[in-house]
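What's in run_38.txt: compact mmCIF, C-alpha atoms and all ligand atoms
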# COMPACT_ATOMS: atom_id res chain seq x y z
CA MET F 1 -17.63 12.79 -4.26
CA THR F 2 -19.92 15.08 -6.16
CA ASP F 3 -18.31 15.01 -9.59
CA GLU F 4 -20.50 14.75 -12.66
CA CYS F 5 -18.75 11.71 -14.03
CA ALA F 6 -18.10 9.17 -11.27
CA PRO F 7 -15.45 6.59 -12.14
CA LEU F 8 -17.88 3.66 -12.31
CA ASP F 9 -20.68 5.29 -14.27
CA ASN F 10 -19.66 3.56 -17.48
CA VAL F 11 -19.68 0.04 -16.04
CA LEU F 12 -22.16 -0.03 -13.16
CA ARG F 13 -25.40 -1.77 -14.18
CA PRO F 14 -27.68 -2.52 -11.21
CA GLY F 15 -29.22 -5.96 -11.31
CA ALA F 16 -29.38 -9.41 -9.76
CA PRO F 17 -29.20 -12.95 -11.08
CA SER F 18 -32.41 -14.94 -11.27
CA GLY F 19 -30.86 -17.58 -8.99
CA PRO F 20 -29.04 -17.17 -5.68
CA SER F 21 -26.28 -14.59 -5.40
CA GLY F 22 -23.23 -15.00 -3.19
CA VAL F 23 -21.66 -11.64 -3.94
CA ALA F 24 -22.92 -8.06 -3.75
CA LEU F 25 -21.04 -5.27 -5.50
CA SER F 26 -21.62 -1.58 -4.94
CA ASP F 27 -19.99 1.78 -5.51
CA ARG F 28 -19.29 3.61 -2.25
CA ARG F 29 -19.17 6.92 -3.96
CA PHE F 30 -19.39 9.20 -0.96
CA VAL F 31 -16.29 8.56 1.11
CA GLY F 32 -14.06 11.46 2.10
CA GLN F 33 -10.34 10.63 2.13
CA ILE F 34 -7.48 12.60 3.64
CA ASN F 35 -3.88 11.45 3.40
CA LEU F 36 -1.84 12.32 6.46
CA ARG F 37 1.94 12.31 6.81
CA GLY F 38 3.71 13.02 10.10
CA ARG F 39 5.88 11.62 12.88
CA GLY F 40 6.55 11.86 16.58
CA GLU F 41 4.67 14.60 18.37
CA ALA F 42 2.52 15.27 15.30
CA VAL F 43 1.07 11.77 15.68
CA THR F 44 0.16 12.47 19.29
CA ALA F 45 -1.39 15.81 18.36
CA VAL F 46 -3.60 14.16 15.74
CA GLY F 47 -4.76 11.63 18.30
CA ALA F 48 -5.93 14.42 20.56
CA ALA F 49 -7.79 16.09 17.68
CA LEU F 50 -9.47 12.90 16.49
CA GLY F 51 -10.37 11.61 19.92
CA TYR F 52 -8.52 8.36 19.30
CA ALA F 53 -4.88 7.47 18.76
CA LEU F 54 -3.66 6.90 15.21
CA PRO F 55 -2.87 3.21 14.64
CA VAL F 56 0.89 2.69 14.76
CA GLU F 57 0.78 -1.06 14.34
CA ALA F 58 1.25 -2.01 10.69
CA ASN F 59 -1.85 -2.98 8.71
CA THR F 60 -4.38 -1.93 11.33
CA THR F 61 -7.21 0.60 11.43
CA VAL F 62 -8.92 2.43 14.27
CA GLY F 63 -12.26 4.23 14.30
CA SER F 64 -15.91 3.45 13.90
CA GLY F 65 -18.05 3.05 10.82
CA VAL F 66 -16.98 5.36 8.04
CA SER F 67 -14.82 7.57 10.29
CA ARG F 68 -11.50 5.87 10.72
CA ALA F 69 -7.75 6.05 10.34
CA CYS F 70 -5.98 3.39 8.26
CA TRP F 71 -2.26 2.68 8.62
CA LEU F 72 -0.49 3.09 5.27
CA GLY F 73 3.13 3.28 6.39
CA PRO F 74 5.32 4.18 9.37
CA ASP F 75 4.50 7.88 8.96
CA GLU F 76 1.43 7.77 6.75
CA TRP F 77 -2.30 7.23 7.25
CA LEU F 78 -5.49 7.46 5.25
CA LEU F 79 -8.25 9.14 7.23
CA ILE F 80 -11.70 8.43 5.89
CA CYS F 81 -14.97 10.10 6.76
CA GLU F 82 -18.38 10.96 5.38
CA ASP F 83 -17.91 12.99 2.23
CA ASP F 84 -19.57 16.11 3.65
CA GLN F 85 -17.24 16.08 6.68
CA ARG F 86 -13.89 16.12 4.97
CA ALA F 87 -13.44 19.90 4.96
CA GLU F 88 -14.16 19.97 8.68
CA LEU F 89 -11.78 17.05 9.30
CA LYS F 90 -9.04 18.70 7.26
CA LYS F 91 -9.43 21.91 9.24
CA ARG F 92 -9.33 20.02 12.53
CA LEU F 93 -6.06 18.37 11.45
CA ASP F 94 -4.54 21.63 10.25
CA ASP F 95 -5.47 23.34 13.53
CA ALA F 96 -4.10 20.51 15.66
CA LEU F 97 -0.87 20.27 13.68
CA ALA F 98 0.03 23.95 13.37
CA GLY F 99 3.75 24.23 14.11
CA HIS F 100 4.45 20.56 13.39
CA ALA F 101 6.04 19.11 10.26
CA TYR F 102 3.16 17.32 8.55
CA ALA F 103 1.05 17.08 5.42
CA ALA F 104 -2.73 16.63 5.37
CA THR F 105 -4.01 16.32 1.83
CA ASP F 106 -7.57 15.85 0.64
CA VAL F 107 -7.29 12.95 -1.81
CA THR F 108 -11.00 12.11 -2.00
CA ASP F 109 -11.14 12.31 -5.76
CA SER F 110 -8.04 10.19 -6.30
CA ARG F 111 -9.63 6.85 -5.45
CA ALA F 112 -12.88 5.05 -6.04
CA VAL F 113 -14.23 2.77 -3.33
CA LEU F 114 -15.73 -0.51 -4.49
CA ARG F 115 -17.56 -2.63 -1.96
CA ILE F 116 -17.66 -6.39 -2.33
CA ALA F 117 -19.90 -8.09 0.21
CA GLY F 118 -21.90 -11.28 0.53
CA ALA F 119 -21.08 -14.81 1.65
CA CYS F 120 -18.63 -15.40 -1.22
CA ALA F 121 -16.79 -12.07 -1.11
CA ARG F 122 -13.64 -13.67 0.27
CA PRO F 123 -13.20 -16.43 -2.34
CA VAL F 124 -13.78 -13.87 -5.09
CA LEU F 125 -11.16 -11.51 -3.72
CA ALA F 126 -8.75 -14.39 -3.13
CA LYS F 127 -8.73 -15.09 -6.87
CA GLY F 128 -6.68 -11.95 -7.43
CA CYS F 129 -5.17 -10.94 -4.08
CA PRO F 130 -1.99 -12.46 -2.61
CA LEU F 131 -2.85 -11.60 1.03
CA ASP F 132 -3.84 -14.28 3.51
CA LEU F 133 -7.54 -13.34 3.70
CA SER F 134 -8.50 -15.85 6.38
CA ALA F 135 -10.61 -14.16 9.06
CA ARG F 136 -7.97 -15.08 11.63
CA SER F 137 -5.29 -12.93 10.03
CA PHE F 138 -7.33 -10.36 8.10
CA GLY F 139 -10.65 -9.23 9.57
CA VAL F 140 -12.31 -6.08 10.88
CA GLY F 141 -9.62 -3.88 12.44
CA HIS F 142 -7.09 -4.82 9.78
CA VAL F 143 -6.30 -2.95 6.59
CA ALA F 144 -3.69 -3.62 3.92
CA GLN F 145 -2.38 -2.22 0.71
CA SER F 146 -1.82 -4.96 -1.81
CA LEU F 147 -2.86 -6.08 -5.29
CA VAL F 148 -6.32 -7.03 -6.52
CA GLY F 149 -6.36 -8.37 -10.05
CA ARG F 150 -2.89 -6.76 -10.42
CA ALA F 151 -4.24 -3.30 -9.51
CA GLN F 152 -2.84 -1.62 -6.41
CA ALA F 153 -5.57 -1.26 -3.81
CA MET F 154 -6.14 -0.59 -0.14
CA ILE F 155 -8.30 -3.39 1.22
CA LEU F 156 -10.47 -2.71 4.26
CA PRO F 157 -12.50 -5.57 5.76
CA ILE F 158 -15.99 -4.42 6.79
CA GLU F 159 -18.47 -5.47 9.46
CA GLY F 160 -20.62 -8.42 8.44
CA GLY F 161 -18.05 -9.77 5.98
CA GLY F 162 -16.79 -8.27 2.77
CA TYR F 163 -14.33 -5.56 1.86
CA ASP F 164 -14.06 -1.98 0.72
CA LEU F 165 -11.48 -1.72 -2.06
CA PHE F 166 -9.85 1.70 -2.43
CA VAL F 167 -8.39 1.89 -5.91
CA ALA F 168 -7.05 4.70 -8.11
CA ARG F 169 -10.07 6.00 -9.98
CA SER F 170 -8.52 5.28 -13.37
CA PHE F 171 -8.42 1.59 -12.37
CA ALA F 172 -11.96 1.54 -10.98
CA GLY F 173 -13.69 0.47 -14.20
CA TYR F 174 -11.10 -2.21 -14.80
CA LEU F 175 -11.35 -3.58 -11.24
CA TRP F 176 -15.15 -3.51 -11.38
CA THR F 177 -15.24 -5.63 -14.53
CA TRP F 178 -12.55 -7.90 -13.06
CA LEU F 179 -14.79 -8.47 -10.02
CA LEU F 180 -17.80 -9.14 -12.24
CA ASP F 181 -15.79 -11.81 -14.04
CA ALA F 182 -14.25 -13.33 -10.90
CA GLY F 183 -17.59 -13.41 -9.09
CA ALA F 184 -19.77 -14.64 -11.94
CA GLU F 185 -19.76 -18.25 -10.73
CA TYR F 186 -21.24 -17.21 -7.36
CA GLY F 187 -24.00 -14.99 -8.75
CA ILE F 188 -23.54 -11.22 -8.42
CA ARG F 189 -26.03 -8.70 -7.16
CA VAL F 190 -25.09 -5.20 -8.29
CA GLN F 191 -26.44 -2.44 -6.11
CA THR F 192 -26.30 1.29 -6.60
CA MET K 1 7.96 -16.42 -6.29
CA LEU K 2 9.75 -14.95 -3.27
CA LEU K 3 8.09 -14.29 0.06
CA ILE K 4 9.73 -11.05 1.18
CA PRO K 5 9.48 -9.86 4.78
CA CYS K 6 8.89 -6.12 4.47
CA PRO K 7 10.36 -4.58 7.65
CA TYR K 8 7.15 -2.54 7.99
CA CYS K 9 4.31 -4.79 6.73
CA GLY K 10 5.58 -8.32 7.30
CA GLU K 11 5.76 -11.14 4.77
CA ARG K 12 4.31 -10.32 1.36
CA THR K 13 4.51 -11.87 -2.05
CA GLU K 14 7.22 -10.75 -4.49
CA SER K 15 4.74 -9.22 -6.95
CA GLU K 16 4.02 -6.43 -4.43
CA PHE K 17 7.66 -5.29 -4.64
CA ARG K 18 10.06 -3.62 -7.05
CA TYR K 19 13.72 -4.57 -7.15
CA GLY K 20 16.18 -1.69 -6.75
CA GLY K 21 19.51 -3.37 -7.46
CA GLU K 22 22.69 -3.46 -5.42
CA ALA K 23 22.67 -1.47 -2.18
CA HIS K 24 25.21 0.76 -0.48
CA PHE K 25 27.42 1.86 -3.37
CA ARG K 26 28.56 5.44 -2.93
CA ARG K 27 28.84 8.43 -5.20
CA PRO K 28 32.49 9.61 -5.53
CA GLU K 29 33.23 11.89 -2.58
CA ASN K 30 35.13 14.70 -4.26
CA HIS K 31 33.10 14.83 -7.42
CA LEU K 32 35.09 17.60 -9.14
CA GLU K 33 38.31 15.64 -8.85
CA ALA K 34 36.95 12.13 -9.24
CA THR K 35 38.49 10.26 -12.16
CA ASP K 36 36.54 8.98 -15.15
CA GLU K 37 37.22 5.50 -13.85
CA ALA K 38 35.65 6.35 -10.48
CA TRP K 39 32.57 7.79 -12.21
CA ALA K 40 32.24 4.84 -14.53
CA ASP K 41 32.57 2.50 -11.56
CA TYR K 42 29.85 4.38 -9.70
CA LEU K 43 27.47 4.60 -12.64
CA PHE K 44 27.87 1.28 -14.39
CA MET K 45 29.74 -1.33 -12.40
CA ARG K 46 27.89 -3.62 -10.01
CA LYS K 47 29.12 -6.63 -8.02
CA ASN K 48 26.69 -9.21 -9.44
CA PRO K 49 27.91 -11.89 -7.03
CA LYS K 50 27.09 -15.57 -7.04
CA GLY K 51 26.18 -15.66 -3.36
CA TRP K 52 24.99 -13.26 -0.70
CA HIS K 53 23.94 -9.84 -1.98
CA ARG K 54 22.83 -6.68 -0.21
CA GLU K 55 20.11 -5.15 -2.34
CA ARG K 56 17.37 -2.55 -2.36
CA TRP K 57 13.67 -3.35 -2.61
CA MET K 58 10.59 -1.14 -2.53
CA HIS K 59 7.20 -2.29 -1.30
CA ILE K 60 5.44 -0.49 -4.11
CA ALA K 61 1.99 -2.07 -3.78
CA GLY K 62 2.12 -1.91 0.03
CA CYS K 63 3.68 0.69 2.33
CA LYS K 64 5.74 2.18 -0.53
CA ARG K 65 8.96 2.21 1.50
CA TRP K 66 12.49 1.38 0.36
CA PHE K 67 14.45 -1.07 2.50
CA TYR K 68 17.34 -3.50 2.24
CA VAL K 69 17.41 -7.25 1.78
CA VAL K 70 20.30 -9.70 2.10
CA ARG K 71 19.52 -12.39 -0.46
CA HIS K 72 21.47 -15.34 -1.84
CA THR K 73 21.48 -15.01 -5.61
CA VAL K 74 21.62 -18.79 -6.18
CA THR K 75 19.23 -20.15 -3.55
CA HIS K 76 17.11 -16.97 -3.21
CA ARG K 77 17.24 -17.47 0.54
CA ILE K 78 16.75 -14.16 2.42
CA SER K 79 18.89 -13.98 5.55
CA SER K 80 17.82 -10.54 6.76
CA VAL K 81 15.96 -7.34 5.92
CA TYR K 82 16.70 -3.95 7.41
CA LYS K 83 15.49 -0.36 7.21
CA VAL K 84 17.33 2.60 5.74
CA GLY K 85 19.62 3.89 8.49
CA ASP K 86 19.79 0.58 10.37
CA PRO K 87 23.22 -0.91 11.09
CA LEU K 88 24.26 -3.40 8.43
CA PRO K 89 23.61 -7.01 9.50
CA ASP K 90 26.47 -9.45 8.86
CA LEU K 91 26.35 -11.64 5.80
CA PRO K 92 25.84 -15.34 6.61
CA SER K 93 29.06 -17.32 6.44
ZN ZN O 1 5.66 -2.73 3.40
Output the file's structure as C-alpha cells, nothing else.
Ligand SMILES: [Zn+2]
Amino acid sequence: MTDECAPLDNVLRPGAPSGPSGVALSDRRFVGQINLRGRGEAVTAVGAALGYALPVEANTTVGSGVSRACWLGPDEWLLICEDDQRAELKKRLDDALAGHAYAATDVTDSRAVLRIAGACARPVLAKGCPLDLSARSFGVGHVAQSLVGRAQAMILPIEGGGYDLFVARSFAGYLWTWLLDAGAEYGIRVQT
Amino acid sequence: MLLIPCPYCGERTESEFRYGGEAHFRRPENHLEATDEAWADYLFMRKNPKGWHRERWMHIAGCKRWFYVVRHTVTHRISSVYKVGDPLPDLPS
C-alpha cells in the first residue's frame, strides 16, 4: 500500500518496554490482496495459473510466505502477495479465467494487516477471539474469519508463532489500541 | 451463548452469526391476484412456535453465507443445519 495516510499512522508509536516483552506488534503495510470468486472449472483454471490448487477445505490456506490463497467461503478466496506483484497477479488471474464466470478484485486498500507475534501472542488474541486457538486446531496452514475484540477479522497464523490480522482499515486504529491494552500485561514491543 | 455448526466453517460461537428469522415462507404465487390477507400473512405473520423451528442464520463474521438451522426455541438444542438448496431434514419427534 503506497497511500499517504496509512490506517495506523495515528496510533503506531515504535518502542519497547524497559523489562521483558512477550508480544511484538507491527504494521504489515505492504501486502497485496485480491478477492477471488468462482466455482467449478474456474477453480481448476486458477490452480493452473498459480501453480498450486486453491484450498477447498474450509479454513485452510495454501502457498508459501506472503504469496498464498486463503479460503474465505465455498466459492471465495483471498489471494495475498507482495504489494508490487498484485497487478501482475491480477492479470494472471484474468488471463487464466477468460471465458469463465468469476470475479477477481484488487482489495488491497480495504484492509490493514496487523501482525501480533512473540511468545504471548496467543493469550493476547484469545482475550478477544472466540476461536479455539490451540496449536492443534489452529496453526500454520489454517486461516479463519472471526472476531477480534468484536471487530471482524481474517486471522492467519504465521511461521514461528503469532498471527496476521486482516481487518477493515477503518477498524485498524481501534484494533491496534485494543491489542495494546490486551497485551500490556505481557510487555509490548512495537516495531515499524 | 449458542455454539452453531456453520455448514461451511464448522462450530462457531453465536456472536459470529446474525439471525434471519423463520425460514421457508413463500411470497404469494400470483401476486396480482393475491388477497390482502395473503400479503399480510406473507409480510407480517410468523409461526413463533414453542418447539422446533426452521430458521435462517448468516455467518456474518465468518464465511458470510446464509444457511438453515433447526433449533428448539425452548431448549435451544440444534438438531440439524443445512445449506440453501439442500433437502429439508425432518424435524425431531
Ligand atoms: Zn461459515
* **Surrounding residues of K:Met58 excluding itself and chain neighbours under 3 positions, 7 Å, all atoms listed in the file, as a PyMOL selection string** => chain K and resi 17-19+64-67
Show me a table, sorted first by chain and then by increasing residue number, of the residues of chain F having an atom at most 6 Å from chain K, each with its shortest atom pair and the distance in Å to one decimal, counting only C-alpha atoms and written as CSV.
residue,atom,partner,partner_atom,distance
F:Ala58,CA,K:Cys9,CA,5.7
F:Leu72,CA,K:Cys63,CA,5.6
F:Gly73,CA,K:Cys63,CA,4.8
F:Gln145,CA,K:Gly62,CA,4.6
F:Ser146,CA,K:Ala61,CA,5.2
F:Gln152,CA,K:Ala61,CA,5.5
* To do: Identify which of the residues K:Ser79, K:Asn48, K:Thr73, K:Asn30 lies closest to K:Ser93, counting all atoms listed in the file when measuring atom-to-atom distances.
  =>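 Checking each candidate against K:Ser93, we get K:Ser79 as the closest.
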* If you count all atoms listed in the file, which residues fall within 10 Å of F:Gly187, apart from same-chain ones fewer than 2 positions away, as a PyMOL selection string? -> chain F and resi 16-24+120+180+183-185+189-190
* Near F:Leu175, within 8 Å and counting all atoms listed in the file, which residues show up once chain neighbours fewer than 6 positions away are dropped, as a ChimeraX atom specification? -> /F:148-149,151
Would you list the residues near (-22.4, -3.0, -4.9) (no more than 6 Å away, in the coordinates of the file, using all atoms listed in the file) as a PDB file with C-alpha atoms, in the frame of the given file?
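What landed in result_22.pdb:
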ATOM      1  CA  ALA F  24     -22.920  -8.060  -3.750  1.00  0.00           C
ATOM      2  CA  LEU F  25     -21.040  -5.270  -5.500  1.00  0.00           C
ATOM      3  CA  SER F  26     -21.620  -1.580  -4.940  1.00  0.00           C
ATOM      4  CA  ASP F  27     -19.990   1.780  -5.510  1.00  0.00           C
ATOM      5  CA  ARG F 115     -17.560  -2.630  -1.960  1.00  0.00           C
ATOM      6  CA  VAL F 190     -25.090  -5.200  -8.290  1.00  0.00           C
ATOM      7  CA  GLN F 191     -26.440  -2.440  -6.110  1.00  0.00           C
TER       8      GLN F 191
END
* May I ask for the distance between atom CA of F:Pro157 and atom CA of F:Gly141, given in Å to one decimal place? =>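 Taking atom CA of F:Pro157 and atom CA of F:Gly141, their separation equals 7.5 Å.
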* Structure fact -> Students should find that atom CA of F:Phe166 and atom CA of F:Ile116 are spaced 11.2 Å
* Asked: Between F:Ile155, F:Ala144, F:Leu50, F:Ala182, which is the closest to ligand ZN 1 (chain O) once you count only C-alpha atoms and all ligand atoms?
  ->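 Nearest candidate to ligand ZN 1 (chain O) out of F:Ile155, F:Ala144, F:Leu50, F:Ala182: F:Ala144.
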